[in-house]
Amino acid sequence: MSGLEPERIIRLEVDRVVLLDQRQLPDEEVELTCRSAAEVAEAIRTLAVRGAPAIGIAAAYGYALAAKRGEDLDEAFALLESTRPTAANLGWALREVRAASDPAGRARDLHAEEVERCRQMSVHAAALLEPGSRALTYCNTGALATGGQGTALGALREAWAQGLVSHVLVDETRPLLQGARLTAWELEAGGIPHTVVADAAAGHLLATGQVDCVLVGADRIAANGDTANKIGTYPLAVLADRHRVPFFVVAPGSTIDLETPNGDEIAIEERDPAEVSSRFPARNPAFDVTPAELISAIVTEAGAHRPPYAESLARPVVA
């Protein structure tokens, strides 16, 4: 983990939730203390903590904190659930702690389970890569995004340890540079060879044979395999398909939403346009949807799901 232990990323203390503030990275490592569900919700909304699994854990801890403080739990649940509507893990984690007799204990268990899920899916996904692969990844899907080893980035870390990855190309991930700021920081800490590239350079790199595989995470996976992820993932999948490069989605089973039939039904969060431009009119959708037919495999802790996803996602698989 190169020093990124789960409790360093996010933890529940007696009277607070403590987060490693991702807005300050890579320049400073600053802890943010939240003393109420409302403060945890604000941390999620403003991306002090981000990544679908990590915000699920943060919300669970926020709800547990609300229970400890005697806050209105219905209000706390609604506030936390509303912060990032695209991420399936958020509502799932909140429902888990709401149903528990010991919210704090269940929230900590969820975090421990997430760490183990990351480990398992990383092993499954790494097995799909050829020795010496040059991988391209997008956004941040590592320890910071999960509170564990990571999803797609966890798989690349595992593949590096096995000698299956020789180099990682890191898309910047505009407009907030989660790749250039966070993924590159994690890879540097892990001693994994990497290069940051402009998002617009991905097509050239794929077309000229400099990429052997693409690995990304997910915020919500519909029953048919359509996958919502950070805005810019969809065109990357189109490019990978055009150049016959495998495109793998790595995400925990809690990201799969069997109640949502397809990508058209996934709510897409629109964030503050000022994140894109503070001077000119702007649009700022935070996610896009990659159609299932562009995805080579969806890897969870259960193993690698293959098309047709409407069938494989509905049942356990063996890697």
# chains A, B, ... in the order shown; residues from 1 in each chain; ligands from 1
$ select_by_dssp --residues "segment 95-200 of chain A" --states "helix (DSSP H, G or I)" --output "MDAnalysis selection string"
chainID A and resid 95:98 103:126 143:146 152:161 178:189 199:200
$ write_last_selection --atoms "C-alpha atoms" --output "tab-separated table (two decimals), in the first residue's frame"
chain	number	residue	atom	x	y	z
A	95	ARG	CA	-28.80	1.18	3.62
A	96	GLU	CA	-26.41	-1.33	5.17
A	97	VAL	CA	-25.64	0.85	8.20
A	98	ARG	CA	-29.25	2.00	8.61
A	103	PRO	CA	-24.11	1.43	12.84
A	104	ALA	CA	-20.49	2.16	13.81
A	105	GLY	CA	-19.59	-1.53	13.91
A	106	ARG	CA	-21.27	-2.17	10.57
A	107	ALA	CA	-19.57	0.85	8.99
A	108	ARG	CA	-16.16	-0.40	10.10
A	109	ASP	CA	-17.02	-3.87	8.80
A	110	LEU	CA	-17.99	-2.37	5.44
A	111	HIS	CA	-14.58	-0.71	5.25
A	112	ALA	CA	-12.79	-3.96	6.08
A	113	GLU	CA	-14.90	-5.81	3.50
A	114	GLU	CA	-14.03	-3.17	0.89
A	115	VAL	CA	-10.33	-3.72	1.52
A	116	GLU	CA	-10.79	-7.45	0.94
A	117	ARG	CA	-12.97	-6.90	-2.15
A	118	CYS	CA	-10.25	-4.72	-3.63
A	119	ARG	CA	-7.65	-7.40	-3.00
A	120	GLN	CA	-9.77	-10.07	-4.67
A	121	MET	CA	-10.77	-8.05	-7.73
A	122	SER	CA	-7.19	-6.89	-8.22
A	123	VAL	CA	-6.03	-10.50	-8.46
A	124	HIS	CA	-8.85	-11.40	-10.87
A	125	ALA	CA	-8.21	-8.38	-13.12
A	126	ALA	CA	-4.43	-8.79	-13.16
A	143	ALA	CA	-6.44	3.42	-2.53
A	144	LEU	CA	-7.68	7.00	-2.37
A	145	ALA	CA	-10.86	6.10	-4.26
A	146	THR	CA	-11.67	2.97	-2.31
A	152	ALA	CA	-8.50	-0.63	-11.65
A	153	LEU	CA	-5.38	0.89	-10.10
A	154	GLY	CA	-5.31	-1.90	-7.54
A	155	ALA	CA	-5.29	-4.35	-10.43
A	156	LEU	CA	-2.37	-2.50	-12.02
A	157	ARG	CA	-0.51	-2.55	-8.72
A	158	GLU	CA	-1.06	-6.31	-8.50
A	159	ALA	CA	-0.07	-6.78	-12.15
A	160	TRP	CA	3.14	-4.81	-11.57
A	161	ALA	CA	4.01	-7.05	-8.62
A	178	GLN	CA	-7.75	13.14	-10.67
A	179	GLY	CA	-5.33	11.22	-12.88
A	180	ALA	CA	-2.52	13.76	-12.98
A	181	ARG	CA	-2.85	14.64	-9.28
A	182	LEU	CA	-3.93	11.44	-7.55
A	183	THR	CA	-3.22	8.40	-9.72
A	184	ALA	CA	0.28	9.61	-10.59
A	185	TRP	CA	0.90	10.31	-6.89
A	186	GLU	CA	-0.12	6.76	-5.94
A	187	LEU	CA	1.96	5.20	-8.72
A	188	GLU	CA	4.98	7.28	-7.70
A	189	ALA	CA	4.57	6.15	-4.10
A	199	ASP	CA	-6.68	13.14	-22.20
A	200	ALA	CA	-6.71	14.10	-25.88
$ residues_around --residues "Asp272 of chain A" --least-positions-apart "2" --cutoff "10 Å" --atoms "only C-alpha atoms" --output "compact mmCIF listing (two decimals) with N, CA and C atoms, in the first residue's frame"
# COMPACT_ATOMS: atom_id res chain seq x y z
N GLU A 269 -24.73 13.08 -12.63
CA GLU A 269 -24.51 14.27 -11.81
C GLU A 269 -23.96 15.41 -12.65
N GLU A 270 -24.54 16.59 -12.50
CA GLU A 270 -24.01 17.82 -13.10
C GLU A 270 -23.41 18.65 -11.97
N ALA A 274 -18.33 26.21 -12.68
CA ALA A 274 -17.10 26.94 -12.36
C ALA A 274 -15.90 26.01 -12.27
N GLU A 275 -16.13 24.70 -12.09
CA GLU A 275 -15.01 23.76 -12.10
C GLU A 275 -14.38 23.68 -13.49
N VAL A 276 -15.17 24.02 -14.52
CA VAL A 276 -14.68 24.00 -15.89
C VAL A 276 -14.18 25.38 -16.31
N SER A 277 -14.98 26.41 -16.04
CA SER A 277 -14.61 27.78 -16.39
C SER A 277 -15.30 28.75 -15.44
N SER A 278 -14.52 29.63 -14.83
CA SER A 278 -15.10 30.64 -13.95
C SER A 278 -15.47 31.91 -14.69
N ALA A 282 -20.48 27.28 -19.11
CA ALA A 282 -19.89 25.94 -19.18
C ALA A 282 -20.91 24.90 -18.77
N ARG A 283 -20.66 23.68 -19.21
CA ARG A 283 -21.39 22.50 -18.73
C ARG A 283 -20.39 21.60 -18.01
N ASN A 284 -20.87 20.91 -16.99
CA ASN A 284 -19.97 20.09 -16.20
C ASN A 284 -20.62 18.78 -15.76
N PRO A 285 -21.02 17.92 -16.73
CA PRO A 285 -21.45 16.57 -16.33
C PRO A 285 -20.27 15.83 -15.74
N ALA A 286 -20.48 15.16 -14.61
CA ALA A 286 -19.37 14.50 -13.93
C ALA A 286 -19.11 13.09 -14.45
$ closest_residue --among "A:Ser36, A:Thr141, A:Thr208, A:Thr86" --to "Glu71 of chain A" --atoms "only C-alpha atoms"
A:Ser36
$ residues_around --residues "segment 235-237 of chain A" --least-positions-apart "2" --cutoff "12 Å" --atoms "only C-alpha atoms" --output "ChimeraX atom specification"
/A:136-139,171,173,199-207,211,213-216,226-233,239-249,287-296
$ atom_distance --atom1 "atom CA of Ala314 of chain A" --atom2 "atom CA of Ala93 of chain A"
19.8 Å
$ closest_residue --among "A:Ala88, A:Ala67, A:Ala302, A:Val196" --to "Ala52 of chain A" --atoms "only C-alpha atoms"
A:Ala88
$ closest_residue --among "A:Arg220, A:Arg306, A:His194, A:Arg279" --to "Pro85 of chain A" --atoms "only C-alpha atoms"
A:Arg220
$ atom_distance --atom1 "atom CA of Arg8 of chain A" --atom2 "atom CA of Leu94 of chain A"
21.5 Å
$ closest_residue --among "A:Val40, A:Leu90, A:Cys34, A:Val238" --to "Gly56 of chain A" --atoms "only C-alpha atoms"
A:Leu90
$ residues_around --residues "Gly132 of chain A" --least-positions-apart "3" --cutoff "8 Å" --atoms "only C-alpha atoms" --output "list of chain:residue names"
A:Gly163, A:Leu164, A:Val165, A:Ser166, A:His167
$ write_last_selection --atoms "C-alpha atoms" --output "compact mmCIF listing (two decimals), in the first residue's frame"
# COMPACT_ATOMS: atom_id res chain seq x y z
CA GLY A 163 5.59 -8.65 -13.74
CA LEU A 164 2.54 -8.30 -15.98
CA VAL A 165 2.70 -4.51 -16.41
CA SER A 166 5.75 -2.64 -17.63
CA HIS A 167 4.36 0.91 -17.70
$ closest_residue --among "A:Ala64, A:Asp212, A:Pro261, A:Pro307" --to "Glu130 of chain A" --atoms "only C-alpha atoms"
A:Asp212
$ decode --residues "segment 84-97 of chain A" --atoms "all heavy atoms" --output "mmCIF file, in the first residue's frame"
data_model
loop_
_atom_site.group_PDB
_atom_site.id
_atom_site.type_symbol
_atom_site.label_atom_id
_atom_site.label_comp_id
_atom_site.auth_asym_id
_atom_site.auth_seq_id
_atom_site.Cartn_x
_atom_site.Cartn_y
_atom_site.Cartn_z
ATOM 1 N N ARG A 84 -23.842 12.600 -4.053
ATOM 2 C CA ARG A 84 -23.291 12.179 -5.353
ATOM 3 C C ARG A 84 -24.243 11.140 -5.939
ATOM 4 O O ARG A 84 -24.076 9.941 -5.725
ATOM 5 C CB ARG A 84 -21.888 11.571 -5.197
ATOM 6 C CG ARG A 84 -20.815 12.447 -4.544
ATOM 7 C CD ARG A 84 -20.454 13.684 -5.351
ATOM 8 N NE ARG A 84 -20.054 13.413 -6.710
ATOM 9 C CZ ARG A 84 -18.828 13.037 -7.094
ATOM 10 N NH1 ARG A 84 -17.880 12.854 -6.188
ATOM 11 N NH2 ARG A 84 -18.542 12.857 -8.368
ATOM 12 N N PRO A 85 -25.245 11.553 -6.709
ATOM 13 C CA PRO A 85 -26.330 10.646 -7.093
ATOM 14 C C PRO A 85 -25.949 9.518 -8.047
ATOM 15 O O PRO A 85 -26.675 8.527 -8.139
ATOM 16 C CB PRO A 85 -27.338 11.592 -7.761
ATOM 17 C CG PRO A 85 -26.529 12.777 -8.206
ATOM 18 C CD PRO A 85 -25.465 12.933 -7.172
ATOM 19 N N THR A 86 -24.835 9.625 -8.747
ATOM 20 C CA THR A 86 -24.492 8.584 -9.724
ATOM 21 C C THR A 86 -23.908 7.340 -9.068
ATOM 22 O O THR A 86 -24.077 6.225 -9.554
ATOM 23 C CB THR A 86 -23.518 9.151 -10.779
ATOM 24 O OG1 THR A 86 -24.121 10.295 -11.406
ATOM 25 C CG2 THR A 86 -23.197 8.120 -11.845
ATOM 26 N N ALA A 87 -23.219 7.493 -7.950
ATOM 27 C CA ALA A 87 -22.492 6.378 -7.338
ATOM 28 C C ALA A 87 -23.432 5.406 -6.631
ATOM 29 O O ALA A 87 -24.098 5.762 -5.657
ATOM 30 C CB ALA A 87 -21.460 6.909 -6.351
ATOM 31 N N ALA A 88 -23.479 4.174 -7.092
ATOM 32 C CA ALA A 88 -24.366 3.164 -6.500
ATOM 33 C C ALA A 88 -23.924 2.788 -5.092
ATOM 34 O O ALA A 88 -24.751 2.490 -4.233
ATOM 35 C CB ALA A 88 -24.400 1.919 -7.384
ATOM 36 N N ASN A 89 -22.616 2.790 -4.836
ATOM 37 C CA ASN A 89 -22.089 2.362 -3.539
ATOM 38 C C ASN A 89 -22.592 3.231 -2.403
ATOM 39 O O ASN A 89 -22.708 2.766 -1.261
ATOM 40 C CB ASN A 89 -20.554 2.410 -3.543
ATOM 41 C CG ASN A 89 -19.947 1.808 -4.780
ATOM 42 O OD1 ASN A 89 -20.176 2.324 -5.872
ATOM 43 N ND2 ASN A 89 -19.185 0.754 -4.622
ATOM 44 N N LEU A 90 -22.873 4.480 -2.692
ATOM 45 C CA LEU A 90 -23.269 5.428 -1.655
ATOM 46 C C LEU A 90 -24.575 5.002 -0.990
ATOM 47 O O LEU A 90 -24.645 4.826 0.232
ATOM 48 C CB LEU A 90 -23.402 6.821 -2.272
ATOM 49 C CG LEU A 90 -23.813 7.972 -1.372
ATOM 50 C CD1 LEU A 90 -22.818 8.167 -0.251
ATOM 51 C CD2 LEU A 90 -23.940 9.251 -2.188
ATOM 52 N N GLY A 91 -25.624 4.826 -1.793
ATOM 53 C CA GLY A 91 -26.903 4.400 -1.232
ATOM 54 C C GLY A 91 -26.845 3.012 -0.636
ATOM 55 O O GLY A 91 -27.468 2.744 0.405
ATOM 56 N N TRP A 92 -26.083 2.126 -1.265
ATOM 57 C CA TRP A 92 -25.948 0.754 -0.756
ATOM 58 C C TRP A 92 -25.340 0.753 0.641
ATOM 59 O O TRP A 92 -25.851 0.093 1.561
ATOM 60 C CB TRP A 92 -25.090 -0.065 -1.715
ATOM 61 C CG TRP A 92 -24.725 -1.412 -1.187
ATOM 62 C CD1 TRP A 92 -25.484 -2.540 -1.195
ATOM 63 C CD2 TRP A 92 -23.491 -1.774 -0.534
ATOM 64 N NE1 TRP A 92 -24.813 -3.579 -0.595
ATOM 65 C CE2 TRP A 92 -23.595 -3.141 -0.184
ATOM 66 C CE3 TRP A 92 -22.326 -1.071 -0.225
ATOM 67 C CZ2 TRP A 92 -22.556 -3.817 0.462
ATOM 68 C CZ3 TRP A 92 -21.303 -1.749 0.424
ATOM 69 C CH2 TRP A 92 -21.424 -3.098 0.759
ATOM 70 N N ALA A 93 -24.250 1.484 0.821
ATOM 71 C CA ALA A 93 -23.585 1.522 2.123
ATOM 72 C C ALA A 93 -24.489 2.142 3.187
ATOM 73 O O ALA A 93 -24.543 1.664 4.325
ATOM 74 C CB ALA A 93 -22.274 2.298 2.020
ATOM 75 N N LEU A 94 -25.203 3.196 2.822
ATOM 76 C CA LEU A 94 -26.110 3.829 3.779
ATOM 77 C C LEU A 94 -27.231 2.881 4.197
ATOM 78 O O LEU A 94 -27.599 2.830 5.380
ATOM 79 C CB LEU A 94 -26.695 5.108 3.175
ATOM 80 C CG LEU A 94 -25.760 6.317 3.159
ATOM 81 C CD1 LEU A 94 -26.333 7.424 2.284
ATOM 82 C CD2 LEU A 94 -25.504 6.824 4.579
ATOM 83 N N ARG A 95 -27.752 2.132 3.261
ATOM 84 C CA ARG A 95 -28.805 1.177 3.619
ATOM 85 C C ARG A 95 -28.274 0.087 4.544
ATOM 86 O O ARG A 95 -28.981 -0.383 5.449
ATOM 87 C CB ARG A 95 -29.423 0.572 2.355
ATOM 88 C CG ARG A 95 -30.255 1.572 1.545
ATOM 89 C CD ARG A 95 -30.999 0.892 0.421
ATOM 90 N NE ARG A 95 -30.128 0.337 -0.601
ATOM 91 C CZ ARG A 95 -29.654 1.018 -1.641
ATOM 92 N NH1 ARG A 95 -29.980 2.302 -1.803
ATOM 93 N NH2 ARG A 95 -28.881 0.436 -2.539
ATOM 94 N N GLU A 96 -27.027 -0.314 4.322
ATOM 95 C CA GLU A 96 -26.413 -1.326 5.170
ATOM 96 C C GLU A 96 -26.302 -0.848 6.622
ATOM 97 O O GLU A 96 -26.634 -1.580 7.557
ATOM 98 C CB GLU A 96 -25.024 -1.686 4.631
ATOM 99 C CG GLU A 96 -25.040 -2.527 3.367
ATOM 100 C CD GLU A 96 -25.435 -3.966 3.632
ATOM 101 O OE1 GLU A 96 -24.899 -4.569 4.569
ATOM 102 O OE2 GLU A 96 -26.288 -4.479 2.885
ATOM 103 N N VAL A 97 -25.817 0.375 6.821
ATOM 104 C CA VAL A 97 -25.638 0.845 8.204
ATOM 105 C C VAL A 97 -26.974 1.211 8.842
ATOM 106 O O VAL A 97 -27.151 1.060 10.053
ATOM 107 C CB VAL A 97 -24.657 2.032 8.293
ATOM 108 C CG1 VAL A 97 -23.243 1.582 7.967
ATOM 109 C CG2 VAL A 97 -25.068 3.188 7.407
#
